[in-house]
Amino acid sequence: MKKAIITVFVLLLISLNSFAQTGNIQGYVSDKETGVPVTGVEIRTEEYGKKSVSDASGFFNFENVASGKYRLTYYHEGYKSGVLEVTVTGPMTTKVEIKLIRSEISTGEINVTSTRYQTILKDVPMPMEIVSDYEISKSVYNTIPDALSGKPGLSLIRDGIWATEISIRGLSRANVVTNIDGNRIETATDISARLSLADLNDVDRIEVIKGGVSSLYGTGAFGGVVNIYTKNGDFSNKPVYGGSLISGYNTVNENPNGWMSLFASSQRFYAKVSGSIRDAKNTMTPKGELPNSQFRDNNLNANLGFKPFKNQEFRLSYQRYRGTDIGIPGAGSLFPTNAVVTYPKENRDMVSGEYKIKDIAEPLKEFSVKYYYQSILRDVDNVPNQVSLVKTSSGKLKQKVYVLDITPNARHYTNGLQFKADWEFGRTNYLITGVDFWMRALDSKREKNQRIENYDTTSGAMTSTIYKTVGEKPIPDADYRSIGAYVQDEIRAFDDKLKISVGGRVDQIHVTNSTTYQPVYEIVNGVRNNTPAGQKVMWNSRQADDVSWSTNLGFIYSLTKNYDVTFNVSRSFRSPVLEERYQYIDLGSYLRIGNPDLAPEKGFFTDLGFRVWRDKMTFTGNIFYNHFEDLVTEIPGTYENRPAYIKTNIGKARLYGYDLDIMYNFYRSFVAYGSLSYVRGEDTQNGVNLPQIAPLNAKTGIKFPVYNYINFDINATLYNKQENTAPGEMDTPGYAVFDAGLSSMPVKLKYAVIQLFAGVENIFDKEYRNHLSSNRGLITIEPGRNFYAKLKLDF
């Protein structure tokens, strides 16, 4: 008995001692050439089954690591990935140092989260494009579409210099979902604004999925998704504080701009605040000044996070955007020819809160709940510069009607609630489940202010002047509610040679609107009349319900270590938005009329890709074919004897094409790169071309260092002529535009790191037209030569 007790006691001591033999792995990550700490480097160890991310000081930490040998795999965009072997002995802290070597080409080892969970780009079968913080830093883009337009399959659409959109393989506006930090931006898309309501300097990265992904993002993700992730701040492995300052200038529109951020963080807490300001004058073109292309804006973002427990975190975010005196140059079909149209105010306010619990219990890896509220104010001032003459049957002047201005105004309110759970079943199966709910409410109004001069038909003298205001509702007071449940399964098989992604989703859309009269009221010489002559019911009170399902299947098959094949097939849908159902826009030119009986769009998407991931070369090539039913478009017609564009469903249509991207490190640090994109759109039911399709286009360039202190980049953007135009569109000629830029290596000072950027866009001041802009009639010539400079200071 005594021997047994001694034996148990010894075994207990051994087991306790074994448990105690855990240590920590701590390290610093820096740039090998400059010595500057690198933040956001992901370090993983398969043996330990955990990951760590370097903080703002380059520090990372693994805690409670059992004694043994480990392989630390690390990667970060712009640097070569690597493996470091370490040995943990007892309760000691093992300290390591990782010095990153810059990579001249993109390796695909970039963290992405548009798949609803964090992974790396080369493990995603869906066609995606990424724009990083560094790419944004190298130039002085006005808007997010400006930054995206150099990527294959993505084309810029202009409604102005500030007002821009992006076309993804031929689909844009209501067919593309835009999220900022996972929160939907819901607003009208007739005149672009939503992608301009974010601070580019505060963007950490932009991820674009090219193709239908309604199974992940619900209605609207018909042509793709633009996910914008901001620099929210994060927890750090030890207390750290600092800030950043960016200042730049564009000569093409005399635009000084500045951005500043301050942050503090620790293991349990972080806080960050940032703000920016811009003041752009009219843009210069090769033909001279583009009138009414100015804009002014400012942003304020604040973020706060804390961990009540080690595996739980709460994040709170506030974003505030204010734009003023934003010009919309040109006229187009929506405005009279001589109209001067501005956004006097464009406001966006968003607050969101997220609670996340990690490592709950096997197999539940993570659970999160998130709420967000967003308010967008769209304020338009349209001065038509129109005078209508009313004459008698004998031709004598009876009245002059001056339209002084037309002032549409709309407030868009969006509430959203998201639940998500991540499940991990070993190394081969990662399951994501979730429920999304969001509701958009719309309150819109429009006033038309007129001065009416009455004339004596005998003498021709003016007898009286009347000031009249007509109040209208462009869109009825309406609510759009969406609730959807989804599941996405990521499967690995055959020793990771095959990665399968399969998912499905069911959504229910509920739309209601109130009875709407036109006109709502009239004010004549200061006297208001809520039942004016000619008042009629424009839209009856009604409700509509759409129930839709969507699914996706994709896989990656690794032919060898560096070569793989991807395939995707999906079914997506889009329920028509409020503007398409109930729109009544009268800004002095063509009317735009909605259709409450529109059917939901349905799409079937296929994509086949081939990818190469080598140390000296990367290549991505995709061909795609998309078939649509009930695609919503506008057709010319008449409404109340006036020319109008009326929303309707196209029975059947298709889009097909290809996009290619290549980078080749052909000599030392010299890299050649290029991309090629083509899309063809056809209304197969009526045998005509689809509108707003970009022509064949390419980008090619070369970048190289100069004395290891400066990186130089020269490139050309080429567009073919577009002759496959839709009825009413005009052909546009091809063109080539050349740009050049340089960036210094980060220079480490005593208390700060400084970096300089400069360059010139449209070197030869080329006069050209963007097919997707000029055919909307608003922009008929693109910006001219632009010299820019930017200073970035981290402290």
# chains A, B, ... in the order shown; residues from 1 in each chain; ligands from 1
$ residues_around --residues "Glu97 of chain A" --least-positions-apart "6" --cutoff "7 Å" --atoms "only C-alpha atoms" --output "ChimeraX atom specification"
/A:27-29
$ select_by_dssp --residues "segment 37-144 of chain A" --states "helix (DSSP H, G or I)" --output "VMD selection string"
chain A and resid 121 to 123 133 to 137 144
$ write_last_selection --atoms "C-alpha atoms" --output "PDB file, in the first residue's frame"
ATOM      1  CA  LEU A 121      -5.853  34.484 -51.500  1.00  0.00           C
ATOM      2  CA  LYS A 122      -4.253  31.413 -53.094  1.00  0.00           C
ATOM      3  CA  ASP A 123      -6.677  29.178 -51.116  1.00  0.00           C
ATOM      4  CA  ASP A 133      -2.874  49.914 -48.404  1.00  0.00           C
ATOM      5  CA  TYR A 134       0.547  50.141 -50.072  1.00  0.00           C
ATOM      6  CA  GLU A 135      -0.988  50.324 -53.566  1.00  0.00           C
ATOM      7  CA  ILE A 136      -3.284  53.124 -52.368  1.00  0.00           C
ATOM      8  CA  SER A 137      -0.335  54.947 -50.795  1.00  0.00           C
ATOM      9  CA  ILE A 144     -12.173  53.865 -54.512  1.00  0.00           C
TER      10      ILE A 144
END
$ closest_residue --among "A:Asn449, A:Ile491, A:Tyr79, A:Lys99" --to "Gly35 of chain A" --atoms "only C-alpha atoms"
A:Lys99
$ atom_distance --atom1 "atom CA of Glu490 of chain A" --atom2 "atom CA of Tyr75 of chain A"
21.6 Å
$ residues_around --residues "Val65 of chain A" --least-positions-apart "4" --cutoff "10 Å" --atoms "only C-alpha atoms" --output "mmCIF file with C-alpha atoms, in the first residue's frame"
data_model
loop_
_atom_site.group_PDB
_atom_site.id
_atom_site.type_symbol
_atom_site.label_atom_id
_atom_site.label_comp_id
_atom_site.auth_asym_id
_atom_site.auth_seq_id
_atom_site.Cartn_x
_atom_site.Cartn_y
_atom_site.Cartn_z
ATOM 1 C CA GLN A 21 6.989 22.652 -18.932
ATOM 2 C CA THR A 22 5.357 25.265 -21.104
ATOM 3 C CA GLY A 23 6.974 28.409 -22.326
ATOM 4 C CA ASN A 24 6.442 31.358 -24.597
ATOM 5 C CA ILE A 25 7.659 32.228 -28.058
ATOM 6 C CA GLU A 47 2.160 21.848 -34.305
ATOM 7 C CA TYR A 48 0.696 24.355 -31.853
ATOM 8 C CA LYS A 50 -2.384 28.712 -33.272
ATOM 9 C CA TYR A 70 8.126 24.055 -33.854
ATOM 10 C CA VAL A 88 10.896 25.610 -26.671
ATOM 11 C CA THR A 89 12.578 24.295 -23.526
ATOM 12 C CA GLY A 90 10.762 24.315 -20.209
ATOM 13 C CA PRO A 91 9.204 27.465 -18.755
ATOM 14 C CA MET A 92 11.597 29.667 -20.678
ATOM 15 C CA THR A 93 10.717 32.419 -23.148
#
$ residues_around --residues "segment 377-388 of chain A" --least-positions-apart "6" --cutoff "8 Å" --atoms "only C-alpha atoms" --output "PyMOL selection string"
chain A and resi 335-348+400-412+587-588
$ atom_distance --atom1 "atom CA of Pro643 of chain A" --atom2 "atom CA of Tyr590 of chain A"
5.5 Å
$ closest_residue --among "A:Leu791, A:Met617, A:Leu660, A:Val203" --to "Val753 of chain A" --atoms "only C-alpha atoms"
A:Leu791
$ residues_around --residues "segment 363-373 of chain A" --least-positions-apart "4" --cutoff "6 Å" --atoms "only C-alpha atoms" --output "PyMOL selection string"
chain A and resi 350-359+414-425
$ atom_distance --atom1 "atom CA of Lys703 of chain A" --atom2 "atom CA of Arg785 of chain A"
20.7 Å
$ select_by_dssp --residues "segment 360-408 of chain A" --states "strand (DSSP E or B)" --output "PyMOL selection string"
chain A and resi 360-361+364-383+386-391+397-408
$ residues_around --residues "segment 241-250 of chain A" --least-positions-apart "5" --cutoff "8 Å" --atoms "only C-alpha atoms" --output "ChimeraX atom specification"
/A:140,201,255-265,786-795
$ residues_around --residues "Ile556 of chain A" --least-positions-apart "4" --cutoff "8 Å" --atoms "only C-alpha atoms" --output "ChimeraX atom specification"
/A:123-125,497-500,564-567
$ decode --residues "segment 379-390 of chain A" --atoms "all heavy atoms" --output "short mmCIF file (atom, residue, chain, number, x, y, z; two decimals), in the first residue's frame"
data_model
loop_
_atom_site.label_atom_id
_atom_site.label_comp_id
_atom_site.auth_asym_id
_atom_site.auth_seq_id
_atom_site.Cartn_x
_atom_site.Cartn_y
_atom_site.Cartn_z
N ASP A 379 -28.30 65.06 -51.08
CA ASP A 379 -28.91 66.36 -51.33
C ASP A 379 -28.44 66.85 -52.70
O ASP A 379 -27.24 66.95 -52.94
CB ASP A 379 -28.47 67.33 -50.23
CG ASP A 379 -29.33 68.59 -50.20
OD1 ASP A 379 -30.34 68.61 -50.90
OD2 ASP A 379 -28.97 69.53 -49.47
N VAL A 380 -29.37 67.13 -53.61
CA VAL A 380 -29.03 67.54 -54.98
C VAL A 380 -29.61 68.92 -55.26
O VAL A 380 -30.74 69.23 -54.86
CB VAL A 380 -29.57 66.53 -56.02
CG1 VAL A 380 -29.20 66.96 -57.43
CG2 VAL A 380 -29.04 65.13 -55.73
N ASP A 381 -28.82 69.75 -55.95
CA ASP A 381 -29.31 71.04 -56.42
C ASP A 381 -29.10 71.10 -57.93
O ASP A 381 -27.97 71.08 -58.42
CB ASP A 381 -28.56 72.18 -55.74
CG ASP A 381 -29.11 73.55 -56.15
OD1 ASP A 381 -30.28 73.60 -56.57
OD2 ASP A 381 -28.36 74.54 -56.07
N ASN A 382 -30.20 71.14 -58.68
CA ASN A 382 -30.17 71.14 -60.13
C ASN A 382 -30.70 72.50 -60.63
O ASN A 382 -31.88 72.81 -60.45
CB ASN A 382 -31.03 69.99 -60.66
CG ASN A 382 -31.22 70.04 -62.17
OD1 ASN A 382 -30.51 70.76 -62.87
ND2 ASN A 382 -32.19 69.29 -62.66
N VAL A 383 -29.81 73.29 -61.22
CA VAL A 383 -30.22 74.56 -61.83
C VAL A 383 -30.30 74.32 -63.34
O VAL A 383 -29.28 74.29 -64.03
CB VAL A 383 -29.20 75.68 -61.51
CG1 VAL A 383 -29.66 76.98 -62.15
CG2 VAL A 383 -29.04 75.84 -60.00
N PRO A 384 -31.51 74.10 -63.88
CA PRO A 384 -31.64 73.67 -65.29
C PRO A 384 -31.32 74.75 -66.31
O PRO A 384 -31.02 74.44 -67.46
CB PRO A 384 -33.11 73.25 -65.41
CG PRO A 384 -33.68 73.28 -64.04
CD PRO A 384 -32.81 74.16 -63.21
N ASN A 385 -31.40 76.03 -65.90
CA ASN A 385 -31.22 77.14 -66.84
C ASN A 385 -32.16 76.99 -68.04
O ASN A 385 -31.77 77.09 -69.20
CB ASN A 385 -29.76 77.21 -67.31
CG ASN A 385 -28.82 77.63 -66.20
OD1 ASN A 385 -29.08 78.61 -65.51
ND2 ASN A 385 -27.75 76.87 -65.99
N GLN A 386 -33.43 76.73 -67.70
CA GLN A 386 -34.46 76.53 -68.72
C GLN A 386 -35.51 77.63 -68.67
O GLN A 386 -35.89 78.08 -67.59
CB GLN A 386 -35.17 75.19 -68.49
CG GLN A 386 -34.47 73.99 -69.08
CD GLN A 386 -35.34 72.75 -68.93
OE1 GLN A 386 -36.08 72.61 -67.96
NE2 GLN A 386 -35.26 71.85 -69.88
N VAL A 387 -35.96 78.01 -69.81
CA VAL A 387 -37.08 78.95 -69.92
C VAL A 387 -38.06 78.37 -70.95
O VAL A 387 -37.66 78.04 -72.07
CB VAL A 387 -36.63 80.35 -70.38
CG1 VAL A 387 -37.84 81.29 -70.45
CG2 VAL A 387 -35.58 80.91 -69.44
N SER A 388 -39.31 78.23 -70.55
CA SER A 388 -40.35 77.74 -71.46
C SER A 388 -41.27 78.90 -71.82
O SER A 388 -41.68 79.68 -70.94
CB SER A 388 -41.17 76.63 -70.79
OG SER A 388 -40.33 75.54 -70.46
N LEU A 389 -41.58 78.99 -73.09
CA LEU A 389 -42.47 80.04 -73.58
C LEU A 389 -43.85 79.46 -73.86
O LEU A 389 -43.97 78.44 -74.55
CB LEU A 389 -41.91 80.68 -74.84
CG LEU A 389 -40.51 81.29 -74.74
CD1 LEU A 389 -40.09 81.88 -76.08
CD2 LEU A 389 -40.44 82.32 -73.63
N VAL A 390 -44.88 80.07 -73.29
CA VAL A 390 -46.26 79.66 -73.53
C VAL A 390 -46.91 80.72 -74.42
O VAL A 390 -46.95 81.90 -74.05
CB VAL A 390 -47.05 79.51 -72.21
CG1 VAL A 390 -48.48 79.07 -72.49
CG2 VAL A 390 -46.35 78.52 -71.28
#
